[in-house]
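Structure file upload-v1.txt (compact mmCIF, C-alpha atoms) follows.
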```
# COMPACT_ATOMS: atom_id res chain seq x y z
CA MET A 72 68.14 26.65 35.38
CA ASP A 73 68.38 26.00 39.10
CA LEU A 74 65.09 24.13 39.00
CA ILE A 75 66.33 21.76 36.30
CA TRP A 76 69.67 21.14 38.05
CA GLU A 77 67.93 20.65 41.37
CA SER A 78 65.41 18.21 39.93
CA PHE A 79 68.11 16.27 38.16
CA ARG A 80 69.92 15.80 41.49
CA GLU A 81 66.65 14.85 43.13
CA ALA A 82 65.96 12.30 40.40
CA LEU A 83 69.35 10.69 40.98
CA ALA A 84 68.76 10.67 44.72
CA LEU A 85 65.33 9.06 44.29
CA ILE A 86 66.78 6.36 42.08
CA ARG A 87 69.74 5.76 44.44
CA ARG A 88 67.42 5.43 47.41
CA PHE A 89 65.15 3.06 45.49
CA ASP A 90 62.32 5.26 46.65
CA PRO A 91 59.37 2.82 46.76
CA SER A 92 56.85 5.32 45.38
CA VAL A 93 59.10 5.86 42.37
CA THR A 94 60.15 2.27 41.69
CA ASN A 95 56.57 1.12 42.19
CA ALA A 96 55.20 3.62 39.66
CA ALA A 97 58.07 2.96 37.26
CA ALA A 98 57.56 -0.81 37.35
CA ARG A 99 53.82 -0.34 36.80
CA SER A 100 54.40 2.02 33.87
CA LEU A 101 56.67 -0.57 32.33
CA TRP A 102 54.51 -3.66 32.67
CA ILE A 103 51.32 -1.90 31.64
CA SER A 104 52.88 -0.44 28.48
CA THR A 105 54.74 -3.64 27.62
CA THR A 106 51.60 -5.74 27.98
CA ALA A 107 49.50 -3.29 25.97
CA VAL A 108 52.07 -3.00 23.16
CA GLY A 109 52.65 -6.78 23.17
CA LEU A 110 48.94 -7.42 22.69
CA ALA A 111 48.71 -4.65 20.10
CA ALA A 112 51.63 -6.20 18.17
CA LEU A 113 50.04 -9.65 18.37
CA ALA A 114 46.84 -8.30 16.85
CA GLY A 115 48.21 -5.44 14.79
CA LEU A 116 51.06 -7.09 12.85
CA PRO A 117 48.78 -9.66 11.14
CA VAL A 118 46.06 -7.07 10.53
CA GLY A 119 48.54 -4.57 9.06
CA THR A 120 50.15 -7.24 6.86
CA GLY A 121 46.76 -8.54 5.75
CA LEU A 122 45.57 -5.05 4.85
CA ALA A 123 48.72 -4.48 2.79
CA ARG A 124 48.44 -7.75 0.87
CA HIS A 125 44.73 -8.25 0.36
CA SER A 126 42.14 -6.01 -1.16
CA PHE A 127 38.46 -6.25 -0.29
CA PRO A 128 35.40 -4.01 -0.47
CA GLY A 129 35.79 -1.23 2.07
CA TYR A 130 39.57 -1.68 2.20
CA ARG A 131 40.28 2.05 1.89
CA LEU A 132 37.80 2.85 4.63
CA VAL A 133 39.45 0.42 7.05
CA VAL A 134 42.93 1.80 6.31
CA LEU A 135 41.60 5.34 6.75
CA ALA A 136 39.96 4.41 10.05
CA PHE A 137 43.22 3.01 11.44
CA ARG A 138 45.16 6.07 10.25
CA ALA A 139 42.64 8.34 11.92
CA GLY A 140 43.01 6.20 15.03
CA MET A 141 46.67 7.18 15.25
CA SER A 142 45.65 10.69 16.17
CA PHE A 143 43.11 9.77 18.85
CA PRO A 144 43.74 11.92 21.93
CA THR A 145 44.47 9.82 25.01
CA VAL A 146 41.79 11.64 26.99
CA PHE A 147 39.25 10.61 24.36
CA ILE A 148 40.24 6.94 24.64
CA GLY A 149 40.20 7.40 28.42
CA ILE A 150 36.68 8.76 28.53
CA VAL A 151 35.37 6.08 26.14
CA CYS A 152 36.90 3.35 28.31
CA TYR A 153 35.49 5.07 31.38
CA ALA A 154 32.00 5.18 29.88
CA VAL A 155 32.12 1.58 28.75
CA PHE A 156 33.58 0.13 31.96
CA SER A 157 31.91 2.34 34.55
CA ARG A 158 29.18 0.81 36.72
CA ARG A 159 26.43 1.99 34.37
CA GLY A 160 28.35 1.04 31.22
CA PRO A 161 27.90 -2.19 29.21
CA PHE A 162 31.01 -3.82 30.72
CA GLY A 163 30.55 -2.39 34.20
CA ALA A 164 30.04 -5.85 35.66
CA MET A 165 33.66 -6.70 34.93
CA ASP A 166 34.63 -4.24 37.63
CA LEU A 167 37.78 -3.09 35.85
CA LEU A 168 37.50 0.63 36.51
CA TYR A 169 40.41 2.00 38.60
CA THR A 170 42.49 -1.14 38.02
CA PRO A 171 45.73 -1.31 36.00
CA TRP A 172 44.05 -3.78 33.62
CA LEU A 173 41.75 -1.10 32.29
CA ILE A 174 44.81 1.07 31.61
CA VAL A 175 46.16 -1.89 29.61
CA VAL A 176 42.92 -1.96 27.62
CA GLY A 177 43.09 1.78 26.96
CA GLU A 178 46.74 1.71 25.95
CA PHE A 179 46.04 -1.28 23.70
CA LEU A 180 43.47 0.86 21.88
CA LEU A 181 46.05 3.63 21.70
CA ALA A 182 48.78 1.35 20.32
CA LEU A 183 46.74 -0.77 17.88
CA PRO A 184 46.12 1.90 15.18
CA ILE A 185 49.80 2.87 15.30
CA VAL A 186 51.00 -0.73 14.87
CA VAL A 187 48.43 -1.49 12.15
CA SER A 188 48.96 1.70 10.14
CA LEU A 189 52.75 1.71 10.22
CA THR A 190 52.95 -2.05 9.52
CA HIS A 191 50.52 -1.61 6.65
CA GLY A 192 52.69 1.17 5.22
CA ALA A 193 55.91 -0.79 5.64
CA VAL A 194 54.61 -4.02 4.08
CA LYS A 195 52.75 -2.17 1.32
CA SER A 196 55.94 -0.54 0.10
CA LEU A 197 57.84 -3.84 -0.14
CA ASP A 198 59.19 -5.07 -3.46
CA PRO A 199 56.47 -7.14 -5.22
CA ARG A 200 59.11 -9.76 -6.03
CA ILE A 201 59.23 -10.75 -2.35
CA GLY A 202 55.75 -12.23 -2.37
CA GLU A 203 56.30 -13.83 -5.77
CA THR A 204 59.64 -15.37 -4.81
CA SER A 205 58.19 -16.67 -1.57
CA LEU A 206 55.15 -18.07 -3.40
CA THR A 207 57.12 -19.72 -6.17
CA LEU A 208 59.40 -21.38 -3.60
CA GLY A 209 56.30 -22.96 -2.12
CA ALA A 210 55.68 -20.87 1.00
CA GLY A 211 52.19 -21.02 2.49
CA PRO A 212 50.34 -17.89 3.63
CA PHE A 213 51.76 -18.02 7.17
CA ARG A 214 55.37 -18.28 5.99
CA ARG A 215 54.78 -15.54 3.40
CA TRP A 216 53.48 -13.15 6.07
CA ALA A 217 56.48 -13.91 8.26
CA THR A 218 58.72 -13.13 5.28
CA TYR A 219 56.95 -9.81 4.67
CA LEU A 220 57.44 -8.80 8.30
CA SER A 221 61.06 -9.88 8.23
CA GLU A 222 61.77 -7.94 5.03
CA ALA A 223 59.95 -4.89 6.37
CA ARG A 224 61.70 -5.17 9.72
CA VAL A 225 62.90 -1.56 9.89
CA GLY A 226 59.39 -0.21 9.41
CA VAL A 227 57.83 -2.83 11.68
CA THR A 228 60.30 -2.08 14.47
CA LEU A 229 59.52 1.60 14.13
CA ALA A 230 55.82 0.78 14.51
CA ILE A 231 56.46 -1.08 17.78
CA VAL A 232 58.77 1.63 19.12
CA MET A 233 56.30 4.38 18.26
CA ALA A 234 53.48 2.48 19.96
CA PHE A 235 55.57 1.88 23.07
CA ALA A 236 56.74 5.48 23.26
CA ARG A 237 53.16 6.70 22.99
CA CYS A 238 51.92 4.25 25.65
CA VAL A 239 54.62 4.62 28.30
CA THR A 240 54.40 8.41 28.23
CA GLU A 241 50.62 8.80 28.00
CA LEU A 242 48.75 10.50 30.80
CA GLY A 243 45.08 10.76 29.84
CA ILE A 244 44.12 7.10 29.97
CA ALA A 245 45.99 6.29 33.18
CA MET A 246 44.53 9.36 34.88
CA MET A 247 40.93 8.79 33.78
CA VAL A 248 40.46 5.06 34.10
CA GLY A 249 43.25 4.35 36.58
CA GLY A 250 42.51 7.17 38.97
CA ASN A 251 46.14 7.72 40.02
CA ILE A 252 45.80 5.56 43.12
CA LYS A 253 49.11 5.21 44.95
CA TYR A 254 50.60 1.67 44.84
CA ARG A 255 47.68 0.51 42.69
CA THR A 256 47.27 2.46 39.47
CA ARG A 257 49.83 5.23 39.71
CA THR A 258 52.18 5.42 36.73
CA LEU A 259 55.20 7.65 36.24
CA ALA A 260 53.16 10.00 34.03
CA THR A 261 50.36 10.44 36.57
CA ALA A 262 52.91 10.75 39.38
CA THR A 263 54.69 13.50 37.47
CA ALA A 264 51.41 15.36 36.94
CA LEU A 265 50.46 14.95 40.60
CA GLU A 266 53.81 16.11 42.05
CA THR A 267 53.78 19.15 39.77
CA ALA A 268 50.20 19.98 40.74
CA LYS A 269 51.17 19.73 44.41
CA GLY A 270 53.90 22.28 43.78
CA GLU A 271 56.71 19.73 44.24
CA PHE A 272 58.39 20.85 41.06
CA SER A 273 61.72 19.19 41.56
CA ARG A 274 60.08 15.88 42.52
CA GLY A 275 57.76 16.14 39.53
CA MET A 276 60.67 16.94 37.28
CA ALA A 277 62.59 14.02 38.77
CA MET A 278 59.73 11.66 37.91
CA GLY A 279 59.66 13.12 34.41
CA VAL A 280 63.38 12.53 33.99
CA ILE A 281 63.02 8.91 35.09
CA LEU A 282 60.13 8.44 32.67
CA LEU A 283 62.23 9.90 29.88
CA ALA A 284 65.13 7.59 30.76
CA ILE A 285 62.89 4.51 30.70
CA ALA A 286 61.33 5.49 27.38
CA LEU A 287 64.75 6.08 25.82
CA CYS A 288 66.19 2.85 27.26
CA VAL A 289 63.41 0.65 25.94
CA THR A 290 63.48 2.34 22.54
CA VAL A 291 67.23 1.80 22.22
CA CYS A 292 66.86 -1.83 23.39
CA ILE A 293 64.19 -2.60 20.78
CA MET A 294 66.27 -0.91 18.09
CA LEU A 295 69.38 -2.90 19.07
CA LEU A 296 67.49 -6.19 19.19
CA SER A 297 66.18 -5.73 15.69
CA ARG A 298 69.21 -4.28 13.96
CA ASP A 299 68.94 -4.76 10.24
CA ASP A 300 72.33 -6.42 10.03
CA ALA A 301 71.46 -9.13 12.56
CA ARG A 302 72.33 -12.50 11.05
CA VAL A 303 69.62 -14.75 9.61
CA MET B 245 53.66 -31.54 -19.22
CA ILE B 246 52.64 -28.16 -20.65
CA GLU B 247 50.00 -27.55 -23.25
CA ILE B 248 49.28 -24.05 -24.49
CA LEU B 249 46.78 -23.09 -27.16
CA ASN B 250 45.97 -19.54 -28.24
CA LEU B 251 47.30 -18.00 -25.06
CA GLN B 252 46.91 -14.26 -24.95
CA VAL B 253 47.65 -11.77 -22.18
CA THR B 254 46.46 -8.19 -22.42
CA LYS B 255 47.34 -5.34 -20.16
CA ASN B 256 45.69 -1.92 -20.41
CA GLY B 257 44.11 -2.95 -23.71
CA LYS B 258 47.42 -3.92 -25.28
CA SER B 259 48.42 -7.47 -26.08
CA ILE B 260 51.71 -8.14 -24.28
CA CYS B 261 52.05 -11.86 -24.94
CA CYS B 262 50.65 -14.12 -27.60
CA VAL B 263 51.45 -17.82 -27.98
CA PRO B 264 49.43 -19.66 -30.67
CA GLU B 265 50.64 -23.14 -29.73
CA LEU B 266 53.32 -24.61 -27.51
CA VAL B 267 53.63 -28.13 -26.13
CA ILE B 268 56.48 -29.07 -23.83
CA ASN B 269 57.17 -32.55 -22.47
CA ALA B 270 58.81 -33.52 -19.22
CA GLY B 271 62.57 -33.51 -19.41
CA GLU B 272 62.74 -31.03 -22.27
CA ARG B 273 64.89 -27.92 -22.09
CA VAL B 274 63.32 -25.23 -24.22
CA GLY B 275 64.78 -21.82 -25.00
CA ILE B 276 62.14 -19.11 -25.17
CA VAL B 277 63.73 -16.68 -27.57
CA GLY B 278 62.56 -13.34 -28.90
CA PRO B 279 63.33 -9.62 -28.88
CA ASN B 280 62.74 -7.40 -25.83
CA GLY B 281 59.08 -6.83 -25.02
CA CYS B 282 57.76 -9.79 -27.01
CA GLY B 283 56.25 -11.46 -23.95
CA LYS B 284 58.85 -14.00 -22.79
CA THR B 285 58.64 -12.99 -19.15
CA THR B 286 54.85 -12.85 -19.28
CA LEU B 287 54.73 -16.40 -20.65
CA LEU B 288 56.93 -17.66 -17.81
CA ARG B 289 54.81 -15.78 -15.26
CA VAL B 290 51.62 -17.36 -16.62
CA LEU B 291 53.22 -20.80 -16.32
CA ALA B 292 54.42 -19.98 -12.79
CA GLY B 293 50.89 -19.04 -11.77
CA LEU B 294 51.85 -15.44 -11.05
CA GLU B 295 49.84 -14.04 -13.95
CA LYS B 296 46.20 -15.05 -13.76
CA ASN B 297 44.61 -12.74 -16.31
CA TYR B 298 45.05 -14.56 -19.58
CA ARG B 299 42.83 -15.87 -22.31
CA GLY B 300 43.22 -19.19 -24.05
CA HIS B 301 44.16 -22.66 -22.95
CA CYS B 302 47.08 -23.37 -20.63
CA ALA B 303 47.30 -26.74 -18.93
CA ILE B 304 50.18 -27.91 -16.75
CA THR B 305 50.34 -31.31 -15.13
CA GLY B 306 51.61 -31.58 -11.58
CA PRO B 307 51.00 -29.43 -8.50
CA SER B 308 52.09 -25.79 -8.40
CA SER B 309 54.57 -26.62 -5.63
CA ASP B 310 56.62 -28.49 -8.27
CA ARG B 311 57.09 -25.30 -10.30
CA VAL B 312 59.57 -22.59 -9.60
CA TYR B 313 60.10 -19.27 -11.34
CA MET B 314 63.32 -17.27 -11.22
CA HIS B 315 62.98 -13.52 -11.81
CA GLN B 316 65.03 -11.71 -14.40
CA ALA B 317 66.47 -9.73 -11.48
CA PRO B 318 66.19 -12.21 -8.59
CA TYR B 319 65.22 -10.90 -5.18
CA MET B 320 67.47 -11.86 -2.28
CA PHE B 321 65.83 -12.19 1.12
CA ARG B 322 67.39 -10.55 4.15
CA GLY B 323 69.98 -12.79 5.78
CA THR B 324 72.76 -14.97 4.45
CA VAL B 325 73.15 -16.68 1.10
CA LEU B 326 72.65 -19.96 2.93
CA PHE B 327 69.36 -18.75 4.43
CA ASN B 328 68.14 -17.86 0.94
CA VAL B 329 68.98 -21.25 -0.54
CA MET B 330 67.44 -23.03 2.47
CA TYR B 331 64.19 -21.05 2.21
CA GLY B 332 62.33 -23.45 -0.09
CA LEU B 333 63.62 -26.48 1.83
CA ARG B 334 62.55 -25.11 5.21
CA VAL B 335 59.14 -24.32 3.71
CA ARG B 336 58.88 -27.97 2.75
CA GLY B 337 59.42 -29.00 6.35
CA LEU B 338 63.05 -30.16 6.17
CA ASP B 339 64.91 -29.60 9.42
CA GLN B 340 67.73 -27.10 9.80
CA ARG B 341 70.59 -29.60 9.43
CA GLU B 342 69.24 -31.44 6.44
CA SER B 343 68.33 -28.31 4.51
CA GLU B 344 71.70 -26.75 5.28
CA LEU B 345 73.48 -29.81 3.85
CA LYS B 346 71.42 -29.69 0.67
CA ALA B 347 71.80 -25.94 0.32
CA ARG B 348 75.58 -26.09 0.74
CA ALA B 349 75.79 -28.89 -1.84
CA TRP B 350 73.97 -26.72 -4.39
CA LEU B 351 76.10 -23.68 -3.64
CA ASP B 352 79.23 -25.79 -4.21
CA LYS B 353 77.89 -27.17 -7.48
CA LEU B 354 77.34 -23.65 -8.77
CA GLY B 355 80.76 -22.53 -7.58
CA ILE B 356 79.66 -20.10 -4.87
CA GLY B 357 80.15 -22.29 -1.79
CA HIS B 358 82.55 -19.72 -0.34
CA LEU B 359 79.73 -17.13 -0.22
CA ALA B 360 77.46 -19.23 2.01
CA THR B 361 77.71 -17.01 5.08
CA ASN B 362 77.76 -13.70 3.19
CA ARG B 363 74.89 -11.29 3.38
CA ALA B 364 72.71 -12.02 0.34
CA LYS B 365 71.89 -8.33 -0.18
CA HIS B 366 75.56 -7.55 -0.75
CA LEU B 367 76.10 -10.00 -3.63
CA SER B 368 77.03 -8.88 -7.11
CA GLY B 369 74.53 -9.35 -9.92
CA GLY B 370 76.05 -12.60 -11.15
CA GLU B 371 76.46 -14.02 -7.65
CA ALA B 372 72.84 -13.18 -6.82
CA ARG B 373 71.70 -14.91 -9.98
CA ARG B 374 73.64 -18.06 -9.10
CA THR B 375 72.27 -17.96 -5.55
CA ALA B 376 68.76 -17.65 -6.93
CA LEU B 377 69.42 -20.60 -9.22
CA ALA B 378 70.71 -22.68 -6.31
CA ARG B 379 67.60 -21.66 -4.35
CA SER B 380 65.38 -22.81 -7.23
CA LEU B 381 67.20 -26.08 -7.95
CA ALA B 382 67.39 -27.04 -4.27
CA ILE B 383 63.66 -27.74 -4.07
CA ALA B 384 63.93 -30.28 -6.93
CA PRO B 385 61.24 -28.80 -9.15
CA LYS B 386 59.55 -30.59 -12.03
CA LEU B 387 59.14 -27.37 -13.98
CA LEU B 388 61.86 -24.77 -13.88
CA LEU B 389 61.12 -21.33 -15.35
CA LEU B 390 64.26 -19.27 -15.73
CA ASP B 391 64.24 -15.67 -16.90
CA GLU B 392 67.65 -14.94 -18.48
CA PRO B 393 69.71 -17.07 -16.07
CA LEU B 394 72.98 -16.39 -17.90
CA ALA B 395 72.88 -12.59 -17.84
CA ASP B 396 75.60 -10.97 -15.66
CA VAL B 397 77.29 -14.36 -15.08
CA ASP B 398 80.97 -14.77 -16.02
CA ASP B 399 82.08 -17.51 -18.44
CA ALA B 400 83.17 -19.94 -15.71
CA GLY B 401 79.85 -19.45 -13.86
CA ALA B 402 77.87 -19.80 -17.07
CA GLY B 403 79.72 -23.05 -17.76
CA ARG B 404 78.73 -24.43 -14.37
CA ILE B 405 75.13 -23.33 -14.80
CA VAL B 406 74.90 -24.96 -18.23
CA HIS B 407 76.48 -28.12 -16.80
CA GLU B 408 74.06 -28.31 -13.84
CA LEU B 409 71.00 -27.57 -15.97
CA THR B 410 71.87 -30.17 -18.59
CA HIS B 411 72.35 -32.77 -15.84
CA PHE B 412 69.17 -31.81 -14.01
CA ASN B 413 67.04 -34.74 -15.11
CA ASP B 414 63.33 -35.36 -14.95
CA CYS B 415 62.47 -31.68 -15.11
CA ALA B 416 61.13 -29.45 -17.86
CA ILE B 417 63.20 -26.30 -18.10
CA LEU B 418 62.14 -23.13 -19.89
CA ILE B 419 64.80 -20.51 -20.39
CA ALA B 420 63.89 -17.03 -21.60
CA SER B 421 66.57 -15.16 -23.46
CA PRO B 422 66.70 -12.33 -26.01
CA ASN B 423 69.40 -14.16 -28.00
CA SER B 424 69.91 -17.74 -29.10
CA LEU B 425 71.13 -20.04 -26.34
CA PRO B 426 74.08 -22.44 -26.57
CA GLY B 427 73.13 -25.66 -28.34
CA GLU B 428 74.12 -27.92 -25.46
CA LEU B 429 71.87 -26.04 -23.02
CA VAL B 430 68.55 -26.31 -24.82
CA THR B 431 67.07 -29.24 -26.67
CA ARG B 432 65.02 -26.88 -28.85
CA GLU B 433 63.95 -23.28 -29.15
CA TYR B 434 60.59 -21.61 -29.25
CA ARG B 435 60.83 -18.36 -31.16
CA PHE B 436 58.33 -15.70 -30.29
CA ASP B 437 56.38 -14.53 -33.27
CA ILE B 438 56.40 -10.79 -32.75
CA GLU B 439 54.07 -10.44 -35.73
CA ALA B 440 51.40 -12.48 -33.98
CA THR B 441 51.58 -10.25 -30.92
CA ASN B 442 51.35 -7.13 -33.05
CA GLN B 443 48.51 -8.49 -35.10
CA SER B 444 46.40 -9.37 -32.11
CA MET B 445 47.28 -5.93 -30.77
CA SER B 446 45.79 -4.21 -33.83
CA GLY B 447 42.97 -6.75 -33.84
CA SER B 448 41.92 -6.00 -30.28
CA ALA B 449 42.35 -2.24 -30.67
```

For the file at hand, write its structure as structure tokens.
Amino acid sequence: MDLIWESFREALALIRRFDPSVTNAAARSLWISTTAVGLAALAGLPVGTGLARHSFPGYRLVVLAFRAGMSFPTVFIGIVCYAVFSRRGPFGAMDLLYTPWLIVVGEFLLALPIVVSLTHGAVKSLDPRIGETSLTLGAGPFRRWATYLSEARVGVTLAIVMAFARCVTELGIAMMVGGNIKYRTRTLATATALETAKGEFSRGMAMGVILLAIALCVTVCIMLLSRDDARV
Amino acid sequence: MIEILNLQVTKNGKSICCVPELVINAGERVGIVGPNGCGKTTLLRVLAGLEKNYRGHCAITGPSSDRVYMHQAPYMFRGTVLFNVMYGLRVRGLDQRESELKARAWLDKLGIGHLATNRAKHLSGGEARRTALARSLAIAPKLLLLDEPLADVDDAGAGRIVHELTHFNDCAILIASPNSLPGELVTREYRFDIEATNQSMSGSA
């Protein structure tokens, strides 16, 4: 119990001091996850909606593949990215290994199946009258898809929140392809792991508490922004 | 405007709608009357382009954007009543101000102007039906397909609906209903021949 109390006080102290190693890692965690989830939403919302509304040969296989993708371990995504972007890999020339951008790529791959699968589920379970009403009122495909997403907003928001929660808290990708380099690729998750491994339990716990606070804050913000009772 | 010959729709091997012949001209208001399950809704859905699997001849002049179909239980989009009525206008590229003016005018005509800023999902059955009607009329269709527009609506509301529909010129209106419709609302009635549906059912079986 002492350890938890101690670390909580340490976390507060670190935040109050604006400890550069903490704020730096926290800011990096935030922008990497936000970018990755933003890109995943950009790609995943149309793909999920399209899968829910159109049938084609191999449709079930694609849906199954994305669902399976939701359970990919982060270390697996990490090692695949490592293999592909390492010097000897096919994209080695891009020289992205041990940069934050490769963490973005990895987290994008982590977030995409979540966004696609949950959006697919949410749009698939919509009332069939939505599409028909939209169609009969003259809406083109783009407007219809926007209507689907708007009507399925609770499910779609959940998809984004889930993806963000998974990305901001993940350790495997950032550790493997980022390398936990201080002031360059260190995130809150890798910092937590490092401090704990060094035996700095209270500092590690403090980092963990800050990570938890950020994850909760962003989740609540997204939920508030997309409340179902928001007007028009 | 509409020309149907030997139209037949089958689902799971059963005939669910059978129309030997039906011709409707622009400006006509036709009541589609028949007992439950005789295929009234299916006929409207075929005409709306929502039901593609049919046999027979069905020709409609004019683009599909000039047709609008109103469900038996209309769906209200998330957002306000006003948003719902503006939907078809916004789709057609009208700006916010112009479509809001038109939408409000239609809401007033149907006697639900005071509901404009209410949440559409919270409307009663009759209010939702009038909103859906306003939404359909606002886009000035040339072919209006209404599935039981007078159900759930009180007498005053029904009076307004009848008034607006009878003064909605230059548009063919088809109104499905299980019972006969008031004489001033429809210019004529098409009665579903339940025998024909049953016969083709036993014929195809």

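Going from atom CA of B:Gly370 to atom CA of A:Pro199 covers 21.2 Å.
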
Open item on the list: Give me, as a PyMOL selection string, the residues of chain B touching chain A, with the criterion being at most 7 Å (counting all atoms listed in the file).
Closed with: chain B and resi 309+311-313+319+322-324+327+332+335

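Neighbouring residues of stretch 287-289 of chain A at 12 Å or closer, counting all atoms listed in the file and skipping chain neighbours under 2 positions away, are Leu101, Trp102, Ser104, Thr105, Ile231, Val232, Met233, Ala234, Phe235, Ala236, Arg237, Val239, Thr240, Val280, Ile281, Leu282, Leu283, Ala284, Ile285, Val291, Cys292, Ile293, Met294, Leu295 and Leu296 of chain A.
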
Any chance you can output those residues with C-alpha atoms as a PDB file, keeping the file's coordinate frame?
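Ended up saving to part.pdb:
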```pdb
ATOM      1  CA  LEU A 101      56.670  -0.570  32.330  1.00  0.00           C
ATOM      2  CA  TRP A 102      54.510  -3.660  32.670  1.00  0.00           C
ATOM      3  CA  SER A 104      52.880  -0.440  28.480  1.00  0.00           C
ATOM      4  CA  THR A 105      54.740  -3.640  27.620  1.00  0.00           C
ATOM      5  CA  ILE A 231      56.460  -1.080  17.780  1.00  0.00           C
ATOM      6  CA  VAL A 232      58.770   1.630  19.120  1.00  0.00           C
ATOM      7  CA  MET A 233      56.300   4.380  18.260  1.00  0.00           C
ATOM      8  CA  ALA A 234      53.480   2.480  19.960  1.00  0.00           C
ATOM      9  CA  PHE A 235      55.570   1.880  23.070  1.00  0.00           C
ATOM     10  CA  ALA A 236      56.740   5.480  23.260  1.00  0.00           C
ATOM     11  CA  ARG A 237      53.160   6.700  22.990  1.00  0.00           C
ATOM     12  CA  VAL A 239      54.620   4.620  28.300  1.00  0.00           C
ATOM     13  CA  THR A 240      54.400   8.410  28.230  1.00  0.00           C
ATOM     14  CA  VAL A 280      63.380  12.530  33.990  1.00  0.00           C
ATOM     15  CA  ILE A 281      63.020   8.910  35.090  1.00  0.00           C
ATOM     16  CA  LEU A 282      60.130   8.440  32.670  1.00  0.00           C
ATOM     17  CA  LEU A 283      62.230   9.900  29.880  1.00  0.00           C
ATOM     18  CA  ALA A 284      65.130   7.590  30.760  1.00  0.00           C
ATOM     19  CA  ILE A 285      62.890   4.510  30.700  1.00  0.00           C
ATOM     20  CA  VAL A 291      67.230   1.800  22.220  1.00  0.00           C
ATOM     21  CA  CYS A 292      66.860  -1.830  23.390  1.00  0.00           C
ATOM     22  CA  ILE A 293      64.190  -2.600  20.780  1.00  0.00           C
ATOM     23  CA  MET A 294      66.270  -0.910  18.090  1.00  0.00           C
ATOM     24  CA  LEU A 295      69.380  -2.900  19.070  1.00  0.00           C
ATOM     25  CA  LEU A 296      67.490  -6.190  19.190  1.00  0.00           C
TER      26      LEU A 296
END
```

Task: Long-range neighbours of stretch 402-411 of chain B as number ranges by chain, 7 Å cut-off, all atoms listed in the file, 4 positions minimum in chain - done: B: 354, 394, 397-398, 429

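Shell of B:Lys346 at 12 Å, with all atoms listed in the file counted and residues fewer than 2 places along the chain excluded, is Leu326, Phe327, Val329, Met330, Tyr331, Gly332, Leu333, Arg334, Leu338, Asp339, Gln340, Arg341, Glu342, Ser343, Glu344, Arg348, Ala349, Trp350, Leu351, Asp352, Lys353, Gly357, Ala378, Arg379, Leu381, Ala382, Ile383 and Ala384 of chain B.
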
TODO: Please tell me which residues are no farther than 9 Å from (42.4, 6.5, 26.8) in the file, counting all atoms listed in the file, and write them as a list of chain:residue names.
DONE: A:Phe143, A:Pro144, A:Thr145, A:Val146, A:Phe147, A:Ile148, A:Gly149, A:Ile150, A:Val151, A:Cys152, A:Tyr153, A:Ile174, A:Val176, A:Gly177, A:Glu178, A:Leu180, A:Leu181, A:Glu241, A:Leu242, A:Gly243, A:Ile244, A:Ala245, A:Met246, A:Met247, A:Val248

Please determine an axis-aligned box that encloses all atoms of stretch 263-278 of chain A listed in the file, with 8 Å added on each side, and express its centre and edge lengths in Å to one decimal as JSON.
```
{"center_x": 56.4, "center_y": 17.0, "center_z": 40.7, "size_x": 28.4, "size_y": 26.6, "size_z": 23.5}
```

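Atom pair atom CA of B:Cys415 / atom CA of B:Leu251 has a distance of 22.7 Å (rounded to one decimal).
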
TODO: In Å, rounded to a single decimal, give me how far atom CA of B:Ser368 is from atom CA of B:Leu390.
DONE: 18.6 Å

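Candidate residues B:His366, B:Arg289, B:Lys284, B:Arg299 were compared for distance to B:Asn250, and the nearest is B:Arg299, using all atoms listed in the file.
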
Task: Closest of B:Met320, B:Asn413, B:Tyr434, B:Gly306 to B:Glu371 - atom-to-atom distances counting only C-alpha atoms - done: B:Met320

Using only C-alpha atoms, find each residue in stretch 114-209 of chain A having at least one atom no more than 10 Å away from stretch 252-255 of chain A; report its shortest atom-to-atom pair and that distance in Å (one decimal), rows by chain then rising number, as CSV.
```
residue,atom,partner,partner_atom,distance
A:Tyr169,CA,A:Ile252,CA,7.9
A:Thr170,CA,A:Arg255,CA,7.2
A:Pro171,CA,A:Arg255,CA,7.2
```
